[in-house]
Structure formats: structure tokens, C-alpha cells
Amino acid sequence: MESTEIKRGKTTEKEIQICHHGREVYGIATMPAGSGRVPMVIFSHGYNGTLDNFKRYVDFLAELGIGTVRYDFCGGAVCSKSSMATTDMTVLTEKQDLEAVFDTVAGWERTDTDRLFLFGESQGGLVSALAADGLEERLRGLALLYPALCIEEHWMERFQKEEDIPEKVDFMGMLLGRKFFTSLRGLDTFSHIGRFRGPVLIMHGDKDEMVPLSYSERAAELYPDASLKVFPQEGHGFTEKAEKQVMEMLWEMLAGCIMPVGNGSEVGK
């Protein structure tokens, strides 16, 4: 179901609701002017974040003729507009959310299905990396911003035995249920990423105390076509200056993937 279309200058914003697995994902699609097919980027937020994290990104890309979808993970934040309690959220339910969004976007009339991209931030980066492995030829490129590839190892160290896991854990202002932690056992993160053969852009700060840079370095070695950009003096959550660089690097990756596809016609025409 789609609703509330708002025209903003040369772009159109549309609220979307995607139902799957008995829950509903809320998101916003931002489309550039025109009626032709356009490349699409799907943005996935981090732990306890929302789709609002990416407002500047989507405005930037819309001006360049790129369509975007940003959404709230189900149970992914205390102020999520998607359904489900935070205590029912796991990394795997978030992967299902992203896959449902991807399938929906791929079916839109204006989507250029040869030019579909994922952008994941922090926990959303882990989810995007996991989802990319199963999307095979349907996905054109992947961008990861300080991806939280440490989540499995972090919680396995804290709860070494399954019987050590409590029913609920208050972590950074959000209540997690037992299933979040039990679902990580045996996930084996690094065996499930790296099979995606398209271009991968990984961006990470060298002062990140929440997700050590070493995790992104390890991931970059696994992907056959990966570029790792290390941002000096940046932590988990970038400054405005670094964020501008991220947008520029994202556009460079998109442009490199877009231009060789098709007959050379302009994006969005």
C-alpha cells in the first residue's frame, strides 16, 4: 500500500507500507523528476536509528537523478514507525525486512532493475551485507558505513552459554528480547558475507570504539571487488565534514556502476 505523495520541487516523496511475515515496514520513497526508469538506493539505518538518518543523502541523490528508499526496521528503534516490539527484533528479522523492501522496490515501474544498490549503516550495514549474499545478480552494488560486523562476536563473548541469556536486556536505551541474542548463536557472520561479487564500498573511522576498524578490514579482504576508505579521527557516527565525503564517495561508486549499463542514455530519462 502507498499513500501521501508530496511533491518537493523536482522530487516526489511517497510514504510506503510493506507487509510481510505478519508485520509492516514503514518507509519513504524519494523519486527524481521524470517518468523514466532510475537507479535506486535502499538505505538501512543502524541500531535504534530511523529512516530520518538519511534525509540529506536522499536529497543529494535525487538531484543527481537517483531514486531512494529509506525505511524503519520493524522493532528496530524505540521510535520506529514500523510495527513490532523491539523485544521481537533480531538481525535476521531485519534481514527479512530488507529483503521485502528490495523485492518491492524491484517491482516498481520506475526502478531500473539493473541498477539496484544497498547502503547500510552500522547494524544496518551488517544486515545489508548479509542480505547482499543472497541477492546474487539482482544487486548492482553495496555501500557499508561503519558496518557492525562485530555484533555476533560481541554478544557471544558476553553470553558465552545460552543459559546465560536473560529474557530482556536494556542496551543503549532500547530493550532487546532473548531471541535477539539466541539468533546470533551460530550465525558465523564472516561465512555469510563476501560472496557478493559486485562493487563494495566500505567506509570506517579509525577512532571507532564501538566497531573496531579491523572488522571492516577483514570484510574488505573477503569481497572480490571491495574498496575500504578509512576516515582519520572519525568514530562511530561521522562529523558533517566526513558525511559530505561519504555522499561524494557514494555518488562516485554509483556513477561508476551506472554509466556502463544500457545504451548510454542519461540517468532518469
# chains A, B, ... in the order shown; residues from 1 in each chain; ligands from 1

call {"tool": "residues_around", "arguments": {"residues": "stretch 112-123 of chain A", "least_positions_apart": "3", "cutoff": "6 Å", "atoms": "only C-alpha atoms", "output": "ChimeraX atom specification"}}
result
/A:37-47,106,126,128,139-148

call {"tool": "write_last_selection", "arguments": {"atoms": "N, CA, C and O atoms", "output": "CSV table (one decimal), in the first residue's frame"}}
result
chain,number,residue,atom,x,y,z
A,37,ARG,N,12.9,5.1,-16.1
A,37,ARG,CA,13.5,4.3,-15.0
A,37,ARG,C,14.7,4.9,-14.5
A,37,ARG,O,15.5,5.5,-15.2
A,38,VAL,N,14.9,4.7,-13.2
A,38,VAL,CA,16.1,5.3,-12.5
A,38,VAL,C,16.7,4.3,-11.6
A,38,VAL,O,16.1,3.3,-11.1
A,39,PRO,N,18.0,4.5,-11.3
A,39,PRO,CA,18.7,3.7,-10.3
A,39,PRO,C,18.1,3.9,-9.0
A,39,PRO,O,17.6,5.0,-8.7
A,40,MET,N,18.1,2.9,-8.1
A,40,MET,CA,17.6,3.0,-6.8
A,40,MET,C,18.6,2.6,-5.7
A,40,MET,O,19.3,1.6,-5.9
A,41,VAL,N,18.6,3.4,-4.6
A,41,VAL,CA,19.4,3.0,-3.5
A,41,VAL,C,18.5,2.8,-2.3
A,41,VAL,O,17.6,3.6,-2.0
A,42,ILE,N,18.7,1.7,-1.6
A,42,ILE,CA,17.9,1.3,-0.4
A,42,ILE,C,18.8,1.5,0.8
A,42,ILE,O,19.8,0.9,1.0
A,43,PHE,N,18.3,2.5,1.7
A,43,PHE,CA,19.1,2.8,2.9
A,43,PHE,C,18.6,2.1,4.1
A,43,PHE,O,17.4,2.1,4.4
A,44,SER,N,19.5,1.5,4.9
A,44,SER,CA,19.1,0.7,6.1
A,44,SER,C,19.9,1.3,7.3
A,44,SER,O,21.1,1.4,7.3
A,45,HIS,N,19.1,1.8,8.3
A,45,HIS,CA,19.7,2.5,9.4
A,45,HIS,C,20.3,1.6,10.5
A,45,HIS,O,20.1,0.3,10.4
A,46,GLY,N,21.0,2.2,11.4
A,46,GLY,CA,21.7,1.4,12.4
A,46,GLY,C,20.8,1.2,13.7
A,46,GLY,O,19.6,1.5,13.7
A,47,TYR,N,21.4,0.6,14.7
A,47,TYR,CA,20.7,0.2,15.9
A,47,TYR,C,20.0,1.5,16.5
A,47,TYR,O,20.6,2.5,16.8
A,106,ALA,N,12.1,-3.5,-6.4
A,106,ALA,CA,12.5,-4.1,-7.7
A,106,ALA,C,11.3,-4.3,-8.6
A,106,ALA,O,11.4,-4.3,-9.9
A,126,LEU,N,25.6,-4.4,8.7
A,126,LEU,CA,25.6,-5.9,8.9
A,126,LEU,C,24.5,-6.5,8.1
A,126,LEU,O,24.7,-7.5,7.4
A,128,SER,N,22.7,-5.4,5.7
A,128,SER,CA,22.8,-5.2,4.2
A,128,SER,C,23.9,-6.2,3.7
A,128,SER,O,23.7,-6.8,2.6
A,139,LEU,N,21.5,-7.5,-7.4
A,139,LEU,CA,22.1,-6.3,-6.8
A,139,LEU,C,23.3,-5.8,-7.6
A,139,LEU,O,24.2,-6.6,-7.9
A,140,ARG,N,23.4,-4.5,-7.8
A,140,ARG,CA,24.5,-3.9,-8.6
A,140,ARG,C,25.6,-3.5,-7.7
A,140,ARG,O,26.8,-3.6,-8.1
A,141,GLY,N,25.4,-3.0,-6.5
A,141,GLY,CA,26.5,-2.5,-5.7
A,141,GLY,C,26.1,-2.4,-4.2
A,141,GLY,O,24.9,-2.4,-3.9
A,142,LEU,N,27.1,-2.3,-3.3
A,142,LEU,CA,26.8,-2.3,-1.9
A,142,LEU,C,27.7,-1.3,-1.2
A,142,LEU,O,28.9,-1.3,-1.5
A,143,ALA,N,27.1,-0.4,-0.4
A,143,ALA,CA,27.9,0.6,0.4
A,143,ALA,C,27.7,0.3,1.9
A,143,ALA,O,26.5,0.2,2.3
A,144,LEU,N,28.7,0.3,2.7
A,144,LEU,CA,28.6,0.0,4.1
A,144,LEU,C,29.3,1.1,4.9
A,144,LEU,O,30.5,1.3,4.7
A,145,LEU,N,28.6,1.7,5.8
A,145,LEU,CA,29.1,2.8,6.6
A,145,LEU,C,29.3,2.2,8.0
A,145,LEU,O,28.4,1.9,8.7
A,146,TYR,N,30.6,2.2,8.5
A,146,TYR,CA,31.0,1.6,9.7
A,146,TYR,C,30.1,0.4,10.1
A,146,TYR,O,29.4,0.4,11.1
A,147,PRO,N,30.1,-0.6,9.2
A,147,PRO,CA,29.2,-1.8,9.4
A,147,PRO,C,29.5,-2.5,10.7
A,147,PRO,O,30.7,-2.8,11.0
A,148,ALA,N,28.5,-2.9,11.5
A,148,ALA,CA,28.6,-3.5,12.8
A,148,ALA,C,28.8,-5.0,12.6
A,148,ALA,O,28.0,-5.8,13.1

call {"tool": "select_by_dssp", "arguments": {"residues": "stretch 33-258 of chain A", "states": "helix (DSSP H, G or I)", "output": "PyMOL selection string"}}
result
chain A and resi 51-63+86-88+91-106+123-138+151-158+162-164+178-182+189-191+213-222+240-258

call {"tool": "closest_atom_pairs", "arguments": {"of": "stretch 188-235 of chain A", "to": "stretch 244-256 of chain A", "cutoff": "12 Å", "atoms": "only C-alpha atoms", "output": "Markdown table"}}
result
| residue | atom | partner | partner_atom | distance |
| --- | --- | --- | --- | --- |
| A:Gly198 | CA | A:Met253 | CA | 11.0 |
| A:Pro199 | CA | A:Met253 | CA | 7.9 |
| A:Val200 | CA | A:Met253 | CA | 8.5 |
| A:Leu201 | CA | A:Met253 | CA | 7.4 |
| A:Ile202 | CA | A:Val246 | CA | 9.9 |
| A:Met203 | CA | A:Val246 | CA | 7.6 |
| A:His204 | CA | A:Val246 | CA | 10.0 |
| A:Gly205 | CA | A:Val246 | CA | 11.4 |
| A:Asp225 | CA | A:Met253 | CA | 11.8 |
| A:Ala226 | CA | A:Met253 | CA | 10.9 |
| A:Ser227 | CA | A:Met253 | CA | 9.8 |
| A:Leu228 | CA | A:Met249 | CA | 11.0 |
| A:Lys229 | CA | A:Met249 | CA | 9.2 |
| A:Val230 | CA | A:Val246 | CA | 10.9 |
| A:Phe231 | CA | A:Gln245 | CA | 9.4 |

call {"tool": "write_last_selection", "arguments": {"atoms": "all heavy atoms", "output": "short mmCIF file (atom, residue, chain, number, x, y, z; two decimals), in the first residue's frame"}}
result
data_model
loop_
_atom_site.label_atom_id
_atom_site.label_comp_id
_atom_site.auth_asym_id
_atom_site.auth_seq_id
_atom_site.Cartn_x
_atom_site.Cartn_y
_atom_site.Cartn_z
N GLY A 198 29.81 -7.98 -6.84
CA GLY A 198 29.77 -6.62 -7.36
C GLY A 198 30.62 -5.68 -6.54
O GLY A 198 31.25 -6.07 -5.55
N PRO A 199 30.67 -4.40 -6.92
CA PRO A 199 31.47 -3.42 -6.19
C PRO A 199 30.94 -3.18 -4.78
O PRO A 199 29.74 -3.05 -4.58
CB PRO A 199 31.38 -2.17 -7.05
CG PRO A 199 30.16 -2.35 -7.88
CD PRO A 199 30.02 -3.82 -8.12
N VAL A 200 31.87 -3.13 -3.83
CA VAL A 200 31.53 -2.88 -2.43
C VAL A 200 32.38 -1.72 -1.93
O VAL A 200 33.61 -1.72 -2.06
CB VAL A 200 31.80 -4.13 -1.55
CG1 VAL A 200 31.47 -3.84 -0.09
CG2 VAL A 200 31.00 -5.32 -2.06
N LEU A 201 31.73 -0.71 -1.37
CA LEU A 201 32.41 0.42 -0.76
C LEU A 201 32.21 0.36 0.74
O LEU A 201 31.08 0.36 1.23
CB LEU A 201 31.84 1.73 -1.32
CG LEU A 201 32.30 3.03 -0.65
CD1 LEU A 201 33.80 3.23 -0.81
CD2 LEU A 201 31.53 4.23 -1.21
N ILE A 202 33.31 0.29 1.49
CA ILE A 202 33.25 0.23 2.95
C ILE A 202 33.92 1.49 3.50
O ILE A 202 35.05 1.81 3.13
CB ILE A 202 33.95 -1.02 3.51
CG1 ILE A 202 33.40 -2.29 2.85
CG2 ILE A 202 33.77 -1.10 5.02
CD1 ILE A 202 34.15 -3.55 3.23
N MET A 203 33.23 2.19 4.39
CA MET A 203 33.73 3.43 4.98
C MET A 203 33.72 3.31 6.49
O MET A 203 32.70 2.96 7.08
CB MET A 203 32.88 4.61 4.51
CG MET A 203 32.93 4.83 2.99
SD MET A 203 31.52 5.76 2.33
CE MET A 203 30.21 4.53 2.41
N HIS A 204 34.85 3.61 7.12
CA HIS A 204 35.00 3.36 8.57
C HIS A 204 35.99 4.36 9.16
O HIS A 204 36.99 4.71 8.53
CB HIS A 204 35.52 1.93 8.78
CG HIS A 204 35.09 1.31 10.06
ND1 HIS A 204 34.37 0.13 10.11
CD2 HIS A 204 35.25 1.69 11.35
CE1 HIS A 204 34.13 -0.19 11.37
NE2 HIS A 204 34.65 0.75 12.15
N GLY A 205 35.70 4.82 10.36
CA GLY A 205 36.60 5.72 11.06
C GLY A 205 37.66 4.97 11.85
O GLY A 205 37.39 3.91 12.40
N ASP A 225 35.60 -7.45 -4.98
CA ASP A 225 35.69 -6.11 -5.57
C ASP A 225 35.33 -5.08 -4.51
O ASP A 225 34.28 -4.44 -4.57
CB ASP A 225 34.75 -6.00 -6.78
CG ASP A 225 34.86 -4.67 -7.51
OD1 ASP A 225 35.78 -3.90 -7.19
OD2 ASP A 225 34.01 -4.40 -8.38
N ALA A 226 36.22 -4.93 -3.52
CA ALA A 226 35.93 -4.04 -2.39
C ALA A 226 36.93 -2.89 -2.32
O ALA A 226 38.11 -3.05 -2.64
CB ALA A 226 35.95 -4.82 -1.08
N SER A 227 36.42 -1.74 -1.89
CA SER A 227 37.25 -0.57 -1.62
C SER A 227 36.98 -0.12 -0.20
O SER A 227 35.83 0.13 0.17
CB SER A 227 36.91 0.55 -2.62
OG SER A 227 37.62 1.74 -2.30
N LEU A 228 38.03 -0.04 0.62
CA LEU A 228 37.90 0.39 2.01
C LEU A 228 38.47 1.80 2.16
O LEU A 228 39.63 2.04 1.87
CB LEU A 228 38.64 -0.57 2.95
CG LEU A 228 38.73 -0.14 4.42
CD1 LEU A 228 37.34 -0.02 5.05
CD2 LEU A 228 39.59 -1.13 5.21
N LYS A 229 37.62 2.74 2.60
CA LYS A 229 38.04 4.10 2.87
C LYS A 229 38.07 4.31 4.37
O LYS A 229 37.04 4.19 5.05
CB LYS A 229 37.07 5.09 2.21
CG LYS A 229 37.26 6.54 2.65
CD LYS A 229 38.61 7.10 2.28
CE LYS A 229 38.69 8.58 2.66
NZ LYS A 229 40.04 9.15 2.37
N VAL A 230 39.26 4.62 4.90
CA VAL A 230 39.42 4.86 6.33
C VAL A 230 39.41 6.37 6.58
O VAL A 230 40.17 7.12 5.95
CB VAL A 230 40.74 4.24 6.85
CG1 VAL A 230 40.89 4.53 8.34
CG2 VAL A 230 40.76 2.73 6.59
N PHE A 231 38.54 6.80 7.48
CA PHE A 231 38.41 8.22 7.80
C PHE A 231 39.18 8.54 9.08
O PHE A 231 38.80 8.08 10.16
CB PHE A 231 36.93 8.58 7.98
CG PHE A 231 36.14 8.62 6.71
CD1 PHE A 231 35.78 7.45 6.05
CD2 PHE A 231 35.76 9.83 6.17
CE1 PHE A 231 35.07 7.48 4.88
CE2 PHE A 231 35.03 9.88 4.98
CZ PHE A 231 34.68 8.71 4.34
#

call {"tool": "closest_residue", "arguments": {"among": "A:Arg178, A:His154, A:Lys168, A:Arg23", "to": "A:Lys81", "atoms": "only C-alpha atoms"}}
result
A:Arg23

call {"tool": "closest_residue", "arguments": {"among": "A:Cys74, A:Val69, A:Val127, A:Ala62", "to": "A:Val91", "atoms": "only C-alpha atoms"}}
result
A:Val127

call {"tool": "residues_around", "arguments": {"residues": "A:Gly194", "least_positions_apart": "5", "cutoff": "8 Å", "atoms": "only C-alpha atoms", "output": "PyMOL selection string"}}
result
chain A and resi 133+219+222-224

call {"tool": "residues_around", "arguments": {"residues": "A:Ser214", "least_positions_apart": "3", "cutoff": "10 Å", "atoms": "only C-alpha atoms", "output": "PDB file with N, CA, C and O atoms, in the first residue's frame"}}
result
ATOM      1  N   LEU A 149      29.856  -5.412  11.985  1.00  0.00           N
ATOM      2  CA  LEU A 149      30.129  -6.827  11.747  1.00  0.00           C
ATOM      3  C   LEU A 149      30.613  -7.540  13.005  1.00  0.00           C
ATOM      4  O   LEU A 149      30.866  -8.740  12.983  1.00  0.00           O
ATOM      5  N   CYS A 150      30.714  -6.787  14.088  1.00  0.00           N
ATOM      6  CA  CYS A 150      31.186  -7.327  15.368  1.00  0.00           C
ATOM      7  C   CYS A 150      30.053  -7.837  16.251  1.00  0.00           C
ATOM      8  O   CYS A 150      30.306  -8.406  17.319  1.00  0.00           O
ATOM      9  N   HIS A 204      34.853   3.611   7.123  1.00  0.00           N
ATOM     10  CA  HIS A 204      35.002   3.362   8.565  1.00  0.00           C
ATOM     11  C   HIS A 204      35.986   4.362   9.157  1.00  0.00           C
ATOM     12  O   HIS A 204      36.991   4.708   8.534  1.00  0.00           O
ATOM     13  N   ASP A 206      38.836   5.551  11.929  1.00  0.00           N
ATOM     14  CA  ASP A 206      39.916   4.862  12.647  1.00  0.00           C
ATOM     15  C   ASP A 206      39.850   5.075  14.158  1.00  0.00           C
ATOM     16  O   ASP A 206      40.652   4.509  14.907  1.00  0.00           O
ATOM     17  N   VAL A 211      32.735  -0.230  16.965  1.00  0.00           N
ATOM     18  CA  VAL A 211      33.014  -1.279  15.976  1.00  0.00           C
ATOM     19  C   VAL A 211      34.457  -1.091  15.502  1.00  0.00           C
ATOM     20  O   VAL A 211      34.725  -0.181  14.714  1.00  0.00           O
ATOM     21  N   GLU A 217      38.224  -4.135   7.776  1.00  0.00           N
ATOM     22  CA  GLU A 217      39.426  -4.574   7.060  1.00  0.00           C
ATOM     23  C   GLU A 217      39.295  -6.048   6.679  1.00  0.00           C
ATOM     24  O   GLU A 217      39.656  -6.456   5.567  1.00  0.00           O
ATOM     25  N   ARG A 218      38.770  -6.830   7.593  1.00  0.00           N
ATOM     26  CA  ARG A 218      38.563  -8.256   7.325  1.00  0.00           C
ATOM     27  C   ARG A 218      37.532  -8.461   6.212  1.00  0.00           C
ATOM     28  O   ARG A 218      37.726  -9.291   5.314  1.00  0.00           O
ATOM     29  N   ALA A 219      36.469  -7.677   6.256  1.00  0.00           N
ATOM     30  CA  ALA A 219      35.429  -7.793   5.225  1.00  0.00           C
ATOM     31  C   ALA A 219      35.971  -7.405   3.858  1.00  0.00           C
ATOM     32  O   ALA A 219      35.671  -8.057   2.848  1.00  0.00           O
ATOM     33  N   ALA A 220      36.775  -6.347   3.816  1.00  0.00           N
ATOM     34  CA  ALA A 220      37.324  -5.880   2.545  1.00  0.00           C
ATOM     35  C   ALA A 220      38.187  -6.951   1.880  1.00  0.00           C
ATOM     36  O   ALA A 220      38.275  -7.009   0.648  1.00  0.00           O
TER      37      ALA A 220
END

call {"tool": "atom_distance", "arguments": {"atom1": "atom CA of A:His192", "atom2": "atom CA of A:Glu162"}}
result
22.0 Å

call {"tool": "atom_distance", "arguments": {"atom1": "atom CA of A:Ser82", "atom2": "atom CA of A:Glu24"}}
result
5.8 Å

call {"tool": "atom_distance", "arguments": {"atom1": "atom CA of A:Ile193", "atom2": "atom CA of A:Ser80"}}
result
27.1 Å
